[in-house]
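Visitor: Here you go, run_32.txt (compact mmCIF, C-alpha atoms):
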```txt
# COMPACT_ATOMS: atom_id res chain seq x y z
CA MET A 37 166.37 64.00 101.26
CA THR A 38 165.90 61.32 103.92
CA GLN A 39 167.85 63.55 106.28
CA ALA A 40 165.47 66.44 105.63
CA LEU A 41 162.50 64.15 106.27
CA ILE A 42 163.96 62.99 109.60
CA TYR A 43 164.41 66.59 110.73
CA ALA A 44 160.92 67.52 109.54
CA LEU A 45 159.36 64.56 111.39
CA THR A 46 161.28 65.49 114.55
CA GLY A 47 159.83 68.97 114.15
CA ALA A 48 156.32 67.54 113.86
CA VAL A 49 156.79 65.46 117.03
CA LEU A 50 158.20 68.49 118.90
CA PHE A 51 155.27 70.60 117.77
CA MET A 52 152.66 68.15 119.03
CA LEU A 53 154.55 67.53 122.29
CA GLY A 54 154.49 71.29 122.85
CA VAL A 55 150.78 71.55 122.06
CA ARG A 56 149.97 68.61 124.32
CA SER A 57 151.82 70.12 127.26
CA THR A 58 150.19 73.51 126.62
CA LEU A 59 146.79 71.84 126.84
CA LEU A 60 147.42 69.62 129.85
CA ARG A 61 149.72 71.59 132.16
CA ASP A 62 148.46 73.59 135.10
CA SER A 63 151.26 76.09 135.59
CA LEU A 64 151.20 79.05 133.22
CA LEU A 65 154.97 79.01 132.91
CA ALA A 66 154.85 75.40 131.73
CA ARG A 67 152.25 76.36 129.16
CA ILE A 68 154.36 79.21 127.82
CA LEU A 69 157.27 76.78 127.67
CA GLY A 70 155.07 74.30 125.79
CA LEU A 71 154.15 76.94 123.21
CA ASN A 72 157.84 77.73 122.80
CA VAL A 73 158.63 74.07 122.22
CA SER A 74 155.92 73.79 119.57
CA GLY A 75 157.30 76.95 117.94
CA ALA A 76 160.75 75.37 117.85
CA GLY A 77 159.18 72.34 116.15
CA ILE A 78 157.69 74.52 113.44
CA PHE A 79 161.00 76.30 112.87
CA LEU A 80 162.68 72.91 112.54
CA ILE A 81 160.11 71.85 109.92
CA PHE A 82 160.63 75.04 107.93
CA VAL A 83 164.41 74.83 107.97
CA SER A 84 164.37 71.18 106.93
CA LEU A 85 162.00 71.98 104.05
CA ALA A 86 164.44 74.65 102.87
CA TYR A 87 167.00 71.94 102.15
CA ARG A 88 166.84 70.91 98.48
CA GLY A 89 169.63 68.39 98.13
CA ASP A 90 173.38 68.92 98.17
CA SER A 91 173.58 70.11 94.58
CA MET A 92 171.28 73.10 94.99
CA PRO A 93 171.53 76.15 97.27
CA THR A 94 169.07 76.11 100.17
CA ASP A 95 165.80 77.94 99.72
CA PRO A 96 166.21 81.38 101.35
CA ILE A 97 162.50 82.06 101.85
CA PRO A 98 161.81 79.56 104.67
CA HIS A 99 165.01 80.75 106.34
CA ALA A 100 163.82 84.35 106.23
CA LEU A 101 160.42 83.29 107.57
CA VAL A 102 162.08 81.41 110.44
CA LEU A 103 164.23 84.43 111.33
CA THR A 104 161.17 86.68 111.44
CA GLY A 105 159.31 83.99 113.38
CA LEU A 106 162.07 83.70 115.96
CA VAL A 107 161.98 87.40 116.72
CA VAL A 108 158.19 87.44 116.96
CA ALA A 109 158.20 84.28 119.11
CA ILE A 110 160.70 85.69 121.58
CA SER A 111 158.75 88.97 121.81
CA ALA A 112 155.51 87.10 122.43
CA THR A 113 157.24 84.94 125.04
CA ALA A 114 158.56 88.01 126.81
CA LEU A 115 155.08 89.55 126.88
CA ALA A 116 153.50 86.30 128.10
CA LEU A 117 156.10 86.01 130.87
CA ALA A 118 155.48 89.60 131.95
CA LEU A 119 151.72 88.93 132.09
CA ASN A 120 152.37 85.76 134.06
CA ARG A 121 154.47 87.68 136.58
CA ARG A 122 151.82 90.37 136.93
CA LEU A 123 149.12 87.72 137.51
CA ARG A 124 151.27 86.14 140.20
CA GLU A 125 151.80 89.50 141.90
CA MET A 126 148.04 90.11 141.84
CA ASP A 127 147.42 86.68 143.37
CA ASP A 128 149.84 87.49 146.18
CA GLU A 129 148.11 90.75 147.06
CA MET G 742 171.79 77.19 112.65
CA ALA G 743 173.33 80.11 114.47
CA GLU G 744 170.05 82.00 114.60
CA ALA G 745 168.17 79.13 116.23
CA ALA G 746 170.90 78.78 118.86
CA ILE G 747 170.80 82.51 119.58
CA GLY G 748 167.02 82.47 119.79
CA ALA G 749 167.12 79.47 122.09
CA GLY G 750 169.82 81.08 124.25
CA LEU G 751 167.90 84.31 124.74
CA SER G 752 164.52 82.67 125.33
CA GLY G 753 166.33 80.34 127.75
CA ALA G 754 167.57 83.36 129.70
CA LEU G 755 164.07 84.88 129.72
CA LEU G 756 162.44 81.62 130.85
CA LEU G 757 165.04 80.96 133.54
CA ILE G 758 164.59 84.39 135.08
CA ALA G 759 160.83 83.81 134.99
CA LEU G 760 161.32 80.49 136.74
CA ARG G 761 163.08 82.35 139.57
CA ASP G 762 159.90 84.38 140.12
CA GLU G 763 157.81 81.24 140.60
CA THR G 764 157.47 80.92 144.32
CA ASP G 765 155.85 77.49 144.30
CA SER G 766 157.71 75.62 141.62
CA ASN G 767 155.29 72.75 141.23
CA LEU G 768 154.64 72.13 137.57
CA THR G 769 151.68 69.90 138.40
CA ALA G 770 149.29 68.39 135.91
CA LEU G 771 145.93 70.02 135.45
CA LYS G 772 143.13 68.37 137.33
CA VAL G 773 141.41 66.83 134.35
CA SER G 774 139.85 63.46 134.02
CA GLN G 775 141.80 60.52 132.70
CA VAL G 776 139.48 60.37 129.68
CA THR G 777 140.37 63.92 128.64
CA ARG G 778 144.05 63.16 128.97
CA TRP G 779 143.66 60.10 126.76
CA LEU G 780 141.69 62.12 124.22
CA VAL G 781 144.36 64.83 124.09
CA ASP G 782 147.05 62.18 123.75
CA LEU G 783 145.13 60.50 120.94
CA PHE G 784 144.60 63.85 119.22
CA SER G 785 148.31 64.65 119.47
CA LEU G 786 149.24 61.28 118.03
CA ILE G 787 146.83 61.59 115.10
CA MET G 788 147.97 65.15 114.37
CA THR G 789 151.63 64.08 114.47
CA VAL G 790 150.97 61.30 111.97
CA LEU G 791 148.99 63.67 109.73
CA ILE G 792 151.69 66.36 109.79
CA GLY G 793 154.33 63.73 109.16
CA TRP G 794 152.36 62.40 106.20
CA VAL G 795 152.00 65.89 104.70
CA LEU G 796 155.73 66.49 105.15
CA TRP G 797 156.51 63.19 103.50
CA LEU G 798 154.31 64.17 100.56
CA THR G 799 155.96 67.59 100.36
CA ILE G 800 159.47 66.21 100.31
CA TYR G 801 159.05 63.09 98.17
CA VAL G 802 155.90 63.18 96.09
CA GLU G 803 154.83 66.67 95.11
CA PRO G 804 156.78 68.28 92.29
CA VAL G 805 157.53 71.55 94.03
CA GLU G 806 157.34 74.91 92.37
CA ARG G 807 159.45 77.10 94.58
CA LEU G 808 160.32 80.75 94.94
CA ALA G 809 163.99 79.94 95.48
CA PRO G 810 165.08 80.16 91.78
CA LEU G 811 163.36 83.54 91.50
CA ALA G 812 164.93 84.77 94.73
CA ASN G 813 168.38 83.70 93.58
CA ALA G 814 167.92 85.08 90.08
CA MET G 815 167.00 88.55 91.33
CA LEU G 816 169.85 88.57 93.85
CA GLU G 817 172.08 90.83 91.77
CA HIS G 818 169.43 93.57 91.87
CA SER G 819 168.95 93.42 95.62
CA GLY G 820 172.16 95.14 96.74
CA VAL G 821 173.32 92.21 98.91
CA SER G 822 174.64 88.75 98.04
CA ASN G 823 173.13 86.81 100.96
CA PRO G 824 169.73 85.56 99.71
CA VAL G 825 168.24 85.45 103.22
CA THR G 826 169.08 89.11 103.83
CA ALA G 827 167.74 89.95 100.37
CA VAL G 828 164.42 88.28 101.20
CA LEU G 829 164.20 89.93 104.62
CA LEU G 830 165.20 93.47 103.77
CA ASN G 831 164.41 93.84 100.09
CA TYR G 832 161.82 91.47 98.59
CA ARG G 833 159.77 91.23 101.73
CA GLY G 834 160.62 94.49 103.45
CA TYR G 835 157.06 94.81 104.70
CA ASP G 836 157.43 91.64 106.79
CA THR G 837 160.53 92.91 108.49
CA LEU G 838 159.02 96.35 109.08
CA LEU G 839 155.98 94.78 110.71
CA GLU G 840 158.20 92.41 112.66
CA LEU G 841 159.91 95.43 114.20
CA VAL G 842 156.45 96.80 115.03
CA VAL G 843 155.61 93.50 116.76
CA VAL G 844 158.81 93.71 118.80
CA LEU G 845 158.01 97.29 119.83
CA ALA G 846 154.41 96.37 120.70
CA ALA G 847 155.57 93.43 122.81
CA VAL G 848 158.12 95.47 124.71
CA LEU G 849 155.55 98.24 125.30
CA GLY G 850 153.25 95.54 126.68
CA VAL G 851 156.01 94.28 128.96
CA MET G 852 156.56 97.83 130.21
CA VAL G 853 152.87 98.45 130.79
CA VAL G 854 152.20 95.40 132.95
CA GLY G 855 154.88 95.86 135.53
CA ARG G 856 158.01 97.40 136.87
CA GLU G 857 161.43 95.88 136.31
CA ARG G 858 162.87 93.27 138.63
CA ARG G 859 165.40 94.28 141.23
CA GLY G 860 168.95 94.15 139.90
CA TYR G 861 171.70 91.89 141.15
CA ARG G 862 174.42 92.82 143.59
CA GLN G 863 177.84 93.78 142.30
CA ALA G 864 179.66 90.72 140.97
CA GLY G 865 182.90 89.43 142.45
CA PRO G 866 186.35 90.08 140.93
CA VAL G 867 186.45 86.89 138.83
CA PHE G 868 183.11 87.54 137.13
CA CYS G 869 184.00 91.21 136.69
CA GLY G 870 187.18 90.11 134.93
CA LEU G 871 185.12 87.93 132.62
CA VAL G 872 182.69 90.77 131.93
CA HIS G 873 185.57 93.12 131.11
CA TRP G 874 186.61 91.08 128.11
CA LEU G 875 183.31 89.36 127.27
CA VAL G 876 181.20 92.48 126.73
CA PRO G 877 183.57 94.22 124.29
CA LEU G 878 183.97 90.90 122.48
CA LEU G 879 180.18 90.52 122.17
CA ILE G 880 179.82 94.08 120.88
CA VAL G 881 182.52 93.53 118.26
CA THR G 882 180.92 90.21 117.28
CA ALA G 883 177.56 91.93 116.89
CA GLY G 884 179.10 94.53 114.59
CA TYR G 885 180.79 91.79 112.57
CA LEU G 886 177.54 89.78 112.25
CA LEU G 887 175.74 92.91 111.10
CA TRP G 888 178.38 93.65 108.48
CA ILE G 889 178.71 90.13 107.03
CA GLY G 890 174.91 89.83 106.85
CA ALA G 891 175.17 91.30 103.36
CA HIS G 892 176.88 88.23 101.91
CA THR G 893 176.90 85.30 104.37
CA PRO G 894 174.51 84.19 107.15
CA GLY G 895 174.22 86.97 109.70
CA GLY G 896 172.25 90.18 109.91
CA ALA G 897 170.18 92.41 112.12
CA PHE G 898 168.53 89.78 114.29
CA GLN G 899 171.69 87.80 115.01
CA ALA G 900 173.58 91.01 115.75
CA GLY G 901 170.72 92.29 117.94
CA ALA G 902 170.58 89.05 119.88
CA THR G 903 174.35 89.14 120.45
CA LEU G 904 174.17 92.74 121.66
CA ALA G 905 171.29 91.77 123.94
CA ALA G 906 173.47 88.97 125.33
CA ALA G 907 176.09 91.61 126.19
CA GLY G 908 173.39 93.58 128.02
CA ILE G 909 172.25 90.50 129.94
CA VAL G 910 175.84 89.74 131.01
CA LEU G 911 176.20 93.34 132.20
CA ARG G 912 173.01 93.09 134.24
CA LEU G 913 174.08 89.80 135.79
CA ALA G 914 177.29 91.53 136.84
CA GLY G 915 175.36 94.14 138.79
CA ASN G 916 174.82 96.92 136.25
CA ASP G 917 171.10 97.51 136.83
CA ALA G 918 170.51 99.41 133.60
CA ALA G 919 172.20 96.60 131.61
CA GLY G 920 174.03 99.15 129.52
CA LEU G 921 170.86 100.88 128.32
CA PRO G 922 170.49 104.66 128.44
CA GLU G 923 167.71 106.33 130.42
CA GLY G 924 164.64 108.38 129.66
CA MET G 925 164.34 109.96 126.25
CA TRP G 926 167.43 108.26 124.83
CA LEU G 927 165.95 104.85 125.59
CA ARG G 928 162.72 105.78 123.85
CA TRP G 929 164.59 106.91 120.78
CA LEU G 930 166.64 103.71 120.82
CA LEU G 931 163.51 101.57 120.95
CA VAL G 932 161.89 103.25 117.95
CA ALA G 933 165.11 103.74 115.95
CA GLY G 934 164.61 100.62 113.82
CA ILE G 935 161.03 101.35 112.82
CA GLY G 936 161.70 105.06 112.48
CA LEU G 937 164.59 104.63 110.09
CA PHE G 938 162.82 101.88 108.14
CA LEU G 939 159.76 104.09 107.66
CA THR G 940 161.87 107.12 106.80
CA VAL G 941 163.73 105.17 104.14
CA GLY G 942 160.49 103.65 102.88
CA LEU G 943 158.78 107.02 102.59
CA GLY G 944 161.94 108.59 101.18
CA VAL G 945 162.09 106.13 98.28
CA THR G 946 158.35 106.57 97.80
CA LEU G 947 158.91 110.27 97.20
CA ASN G 948 161.78 109.36 94.91
CA ASP G 949 160.03 106.98 92.52
CA GLY G 950 156.59 106.30 93.88
CA GLN G 951 156.90 102.77 95.31
CA PHE G 952 156.97 102.13 99.06
CA LEU G 953 160.16 100.29 100.10
CA GLN G 954 161.34 99.95 96.50
CA TYR G 955 164.98 100.92 96.90
CA PRO G 956 166.82 102.46 93.97
CA LYS G 957 169.30 99.84 92.73
CA ALA G 958 172.45 101.86 93.25
CA TRP G 959 171.57 102.67 96.86
CA SER G 960 169.98 99.42 98.03
CA GLY G 961 173.12 97.97 99.67
CA THR G 962 173.74 101.13 101.71
CA LEU G 963 170.09 101.55 102.64
CA ILE G 964 169.83 97.92 103.77
CA LEU G 965 172.92 98.29 105.95
CA LEU G 966 171.53 101.52 107.43
CA ILE G 967 168.16 99.95 108.23
CA GLU G 968 169.80 96.83 109.66
CA SER G 969 172.04 98.90 111.96
CA ALA G 970 169.09 100.75 113.44
CA ALA G 971 167.07 97.52 113.66
CA THR G 972 169.95 95.85 115.52
CA ALA G 973 170.00 98.60 118.14
CA SER G 974 166.22 98.50 118.58
CA ILE G 975 165.99 94.71 118.78
CA ALA G 976 168.82 94.57 121.31
CA ALA G 977 167.26 97.31 123.45
CA ALA G 978 163.85 95.59 123.34
CA LEU G 979 165.27 92.19 124.30
CA VAL G 980 167.31 93.63 127.17
CA LEU G 981 164.27 95.54 128.44
CA ALA G 982 162.27 92.30 128.29
CA TYR G 983 165.01 90.66 130.34
CA ARG G 984 164.85 93.48 132.88
CA GLY G 985 161.19 92.50 133.14
CA GLY G 986 159.27 95.76 132.99
CA ARG G 987 159.49 99.49 132.76
CA PRO G 988 162.56 101.05 134.34
CA ASP G 989 161.99 103.01 137.53
CA GLY G 990 161.02 106.56 136.74
CA TRP G 991 159.75 105.73 133.26
CA LEU G 992 156.25 107.04 133.96
CA SER G 993 156.82 109.19 136.98
CA VAL G 994 153.14 110.05 137.52
CA ALA G 995 151.72 106.57 137.12
CA ASP G 996 154.32 104.99 139.36
CA LYS G 997 153.62 107.51 142.12
CA ASP G 998 149.91 106.76 141.89
CA ASN G 999 150.66 103.09 142.07
CA ASP G 1000 152.76 103.58 145.21
CA ARG G 1001 149.96 105.49 146.88
CA GLU G 1002 147.53 102.72 146.02
CA VAL G 1003 149.76 100.06 147.51
CA SER G 1004 150.52 102.01 150.69
CA SER G 1005 146.92 103.00 151.42
```
For this file, write the structure as structure tokens.

Guide:
Amino acid sequence: MTQALIYALTGAVLFMLGVRSTLLRDSLLARILGLNVSGAGIFLIFVSLAYRGDSMPTDPIPHALVLTGLVVAISATALALALNRRLREMDDE
Amino acid sequence: MAEAAIGAGLSGALLLIALRDETDSNLTALKVSQVTRWLVDLFSLIMTVLIGWVLWLTIYVEPVERLAPLANAMLEHSGVSNPVTAVLLNYRGYDTLLELVVVLAAVLGVMVVGRERRGYRQAGPVFCGLVHWLVPLLIVTAGYLLWIGAHTPGGAFQAGATLAAAGIVLRLAGNDAAGLPEGMWLRWLLVAGIGLFLTVGLGVTLNDGQFLQYPKAWSGTLILLIESAATASIAAALVLAYRGGRPDGWLSVADKDNDREVSS
């Protein structure tokens, strides 16, 4: 279980690092990146909570949530990047 | 975690191509006062400790009542033997259906805000050689991941991401369409996942009155069918996102108007 806790704590640190950089960075790309990092932290927390000791099978529900979350996160990232590019193009005009 | 690696790989590709668009690549700090920075740092630290404390409680202290025993107990009724796939496609079919809607909405958004980036020039002989064996290998791997999703880790998203990787490799080698069809075929491909999912859902509703409640004997086949269509749609959406906008000639009228606006 200690192993799961270490992974979960790493996830918590990643999450807050991502949030901090989203709040403090100037460049939009860096902010999108920060949100992605915090998302990765949350996925790490979920996956580590799914672990229930060596004797039991892992909990499938957090895993399913993470899979759904990954797809949604990458779609949202793609949309954010497209908006960022459009904003840049409008600035150039 | 294969899925995390795949997700990271694809978002890495998306972010890297976005970085290429940044003309001034200065990731400078926002012009905020030192006090604000300290406050945000303090807030982050406190939140980290709080989250860590809650996690510690969850793992060590709280006696946890989980859904896992239930999920594993009902596994034999779900038509697949991989519990994750059972959760995604059977117990919580709604989630996955709406996830496909989110993907479609995001890719429609990407297509609305801009046109695709210019493609790359034709790759040299060495890279072309690599592409010639890498792309078929990726397609076969995607099919394999889709098939084994029924009993071991794998499934629609992993397969879709692998297929999308094949598309990205093709585009990097100079194939502007990245292996995607054009016009109406592309539209059908994008909505295939949702369309089939909804058709199956409504079909079983007509059969016994419950939305997305597969009949037991058919559930394995139906899940595989839905996952195949979802794989194609997810891959097409991710590749389109990598291309960065709507393909040329997608909306012939709107693009012409746009050209006129720019030239005048």

Visitor: Taking all atoms listed in the file into account and nothing else, which residues of chain A lie no more than 6 Å away from chain G? Please answer as a PyMOL selection string.

Guide: chain A and resi 45+48-49+52+60-63+95-96+100+111+114-115+118

Visitor: In Å, rounded to a single decimal, give me how far atom CA of G:Leu878 is from atom CA of G:Trp929.

Guide: 25.2 Å

Visitor: One number please: atom CA of G:Leu965 to atom CA of G:Gly901, in Å, one decimal.

Guide: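 That distance, rounded to one decimal, is 13.6 Å.
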
Visitor: Mind pulling up the distance from atom CA of A:Asn72 to atom CA of A:Ala109?

Guide: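 These atoms are spaced 7.5 Å apart.
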
Visitor: Select, from A:Asp127, A:Arg122, A:Val107, A:Ala66, the residue with the minimum atom-to-atom distance to G:Ala976, counting all atoms listed in the file.

Guide: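 Result for the nearest residue to G:Ala976: A:Val107.
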
Visitor: Choose the residue, out of G:Ala883, G:Leu757, G:Ala933, G:Val872, that has the smallest atom-to-atom separation from G:Leu911; count only C-alpha atoms.

Guide: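 Comparing G:Ala883, G:Leu757, G:Ala933, G:Val872 against G:Leu911, the winner is G:Val872.
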
Visitor: List every protein, DNA or RNA residue that has an atom no more than 9 Å from (156.3, 77.3, 128.1) in the file's coordinate frame, counting only C-alpha atoms, and report them as a tab-separated table (two decimals) with C-alpha atoms, keeping the file's coordinate frame.

Guide:
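Saved to selection_35.tsv:
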```tsv
chain	number	residue	atom	x	y	z
A	54	GLY	CA	154.49	71.29	122.85
A	57	SER	CA	151.82	70.12	127.26
A	58	THR	CA	150.19	73.51	126.62
A	64	LEU	CA	151.20	79.05	133.22
A	65	LEU	CA	154.97	79.01	132.91
A	66	ALA	CA	154.85	75.40	131.73
A	67	ARG	CA	152.25	76.36	129.16
A	68	ILE	CA	154.36	79.21	127.82
A	69	LEU	CA	157.27	76.78	127.67
A	70	GLY	CA	155.07	74.30	125.79
A	71	LEU	CA	154.15	76.94	123.21
A	72	ASN	CA	157.84	77.73	122.80
A	73	VAL	CA	158.63	74.07	122.22
A	113	THR	CA	157.24	84.94	125.04
G	756	LEU	CA	162.44	81.62	130.85
```
